[in-house]
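Before any comments, here is the structure.
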Amino acid sequence: MKHLEIELKTLLKKDEYDRLKDKFTGVTPILQKNYYIDTPDFELREKKVAMRIRTFEDWAELTLKVPQSVGNMEYNQKLQLKDAENYLAKEELPQGLVLDELVKHCIQTSEWLVLGCLTTLRYEMQTSIGLMALDESQYFDITDYELELEVENQEQGKQDFQQFLEENQISYQKAPSKLVRFVKSIKNS
């Protein structure tokens, strides 16, 4: 499955995260583990493409994100959890949509490197302004907090997101992608 993902996000301070969590009452959080994958020479990162296997309690998903003029085209391939664990252990990828897309982007290799794991506790709900996700992520010795809003229209989404932040007294902090934050932490460790 593929779709265009237009996402707005901000990093949060712990107290902002705690305040926003009150808006997600009745939402059961989901624990997801993001295993980031690249080639040994970081060819994906060089081409600004991101790939991960995300595991949940009883299933998994292989995702490739390719930047577009607005947002990212996201290619998702559902996996059985045990299959995902085998691919991660062997540093291999399954045949299918994601590998086909990599070939279209002139990335052809059988050598993959699992960079590591970032674990996120996610509260997610549909709102009048878009799909909102409140995340607490842990990687290495870091815990960070983030608010994401997935929208259909980037311009309207920016206005709505800014208004939401103001109404909730949240100071905007630029939020690089989880992968960028993760890789930066690898380099600093």
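A note on labels: chains of the structure tokens are A, B, ... as shown, every chain counts residues from 1, and ligands are counted from 1 in their shown order.
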Selection near region 184-186 of chain A, 10 Å with only C-alpha atoms, sequence-local residues under 5 positions removed, as a compact mmCIF listing (two decimals) with C-alpha atoms, in the first residue's frame:
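Saved file around.txt follows:
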# COMPACT_ATOMS: atom_id res chain seq x y z
CA LEU A 115 20.99 0.57 12.74
CA GLY A 116 19.12 -0.09 15.96
CA TYR A 139 16.54 5.28 22.13
CA PHE A 140 19.97 4.82 23.65
CA ASP A 141 19.80 6.85 26.90
CA ILE A 142 17.40 9.46 25.47
CA LYS A 178 12.70 10.14 14.50
CA LEU A 179 15.26 8.57 12.15
Original post:
Which residues in region 3-187 of chain A does DSSP call strand (DSSP E or B)? List them as a ChimeraX atom specification.
Top reply: /A:3-12,30-38,50-55,59-67,72-80,113-127,130-139,142-151
Report as a tab-separated table the residues of region 96-174 of chain A within 12 Å of region 57-74 of chain A, each with its shortest atom pair and distance in Å (one decimal), using only C-alpha atoms, ordered by chain and increasing residue number.
residue	atom	partner	partner_atom	distance
A:Gly96	CA	A:Leu62	CA	10.1
A:Leu97	CA	A:Leu64	CA	9.3
A:Val98	CA	A:Leu64	CA	6.3
A:Leu99	CA	A:Leu64	CA	9.1
A:Asp100	CA	A:Leu64	CA	10.8
A:Glu101	CA	A:Leu64	CA	8.3
A:Leu102	CA	A:Leu64	CA	8.4
A:Lys104	CA	A:Val66	CA	11.4
A:His105	CA	A:Val66	CA	9.3
A:Glu150	CA	A:Gly71	CA	9.9
A:Val151	CA	A:Gly71	CA	9.9
A:Glu152	CA	A:Gly71	CA	10.0
A:Asn153	CA	A:Val70	CA	9.6
A:Gln154	CA	A:Val70	CA	7.6
A:Glu155	CA	A:Val70	CA	10.3
**OP:** Within 10 Å of Tyr172 (chain A), counting only C-alpha atoms, which residues show up once you throw out same-chain ones fewer than 3 positions away? Write them as a list in words, please.
**Re:**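 Near neighbours after the sequence-gap exclusion: Lys9, Thr10, Leu11, Leu12, Leu147, Phe161, Gln162, Leu165, Glu166, Gln169 and Ala175 of chain A.
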Subject >> Which of region 69-110 of chain A fall in alpha helix (DSSP H), as a count of residues only >> reply: 18
**OP:** For Thr28 (chain A), please output as JSON, numbers by chain all residues within 12 Å (counting only C-alpha atoms; exclusion window: fewer than 5 positions along the same chain).
**Re:** {"A": [21, 121, 122, 123, 124, 125, 133, 134]}
Original post:
Between A:Asp15, A:Glu46, A:Asp22, A:Glu7, which one has atoms that come closest to Ile107 (chain A), using only C-alpha atoms?
Top reply: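 So, comparing all the options, the nearest one is A:Glu46.
Using only C-alpha atoms, the shortest contact distance between Asp144 (chain A) and any of A:Tyr17, A:Ile6, A:Gln95, A:Glu167 is found at A:Tyr17.
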**OP:** Could you tell me how far CA of Leu20 (chain A) lies from CA of Glu5 (chain A), in Å and to one decimal?
**Re:**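 Going from CA of Leu20 (chain A) over to CA of Glu5 (chain A), I get 23.0 Å.
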Subject >> Nearby residues (only C-alpha atoms) at most 7 Å from Lys33 (chain A), same-chain spacing under 3 positions excluded, as a count of residues only >> reply: 7
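Here CA of Thr25 (chain A) and CA of Ser177 (chain A) stand 26.0 Å from one another.
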Original post:
Which residue gives the smallest distance to Asp18 (chain A) among A:Glu136, A:Gln108, A:Ile129, A:Gln80, with only C-alpha atoms counted?
Top reply: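 Closest to Asp18 (chain A), using only C-alpha atoms: A:Glu136.
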**OP:** Rank A:Glu111, A:Asn76, A:Asp135, A:Thr143 by their smallest atom-to-atom distance to Pro29 (chain A), using only C-alpha atoms, and report the top residue only.
**Re:**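 Under the stated criterion, the closest residue is A:Asp135.
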Original post:
Rounded to one decimal in Å, what is the spacing between CA of Gln156 (chain A) and CA of Lys174 (chain A)?
Top reply: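 Between these atoms lies a distance of 18.6 Å.
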Subject >> Among listed residues A:Leu113, A:Ile53, A:Leu93, A:Met132, nearest Asp38 (chain A) (using only C-alpha atoms) >> reply: A:Leu113
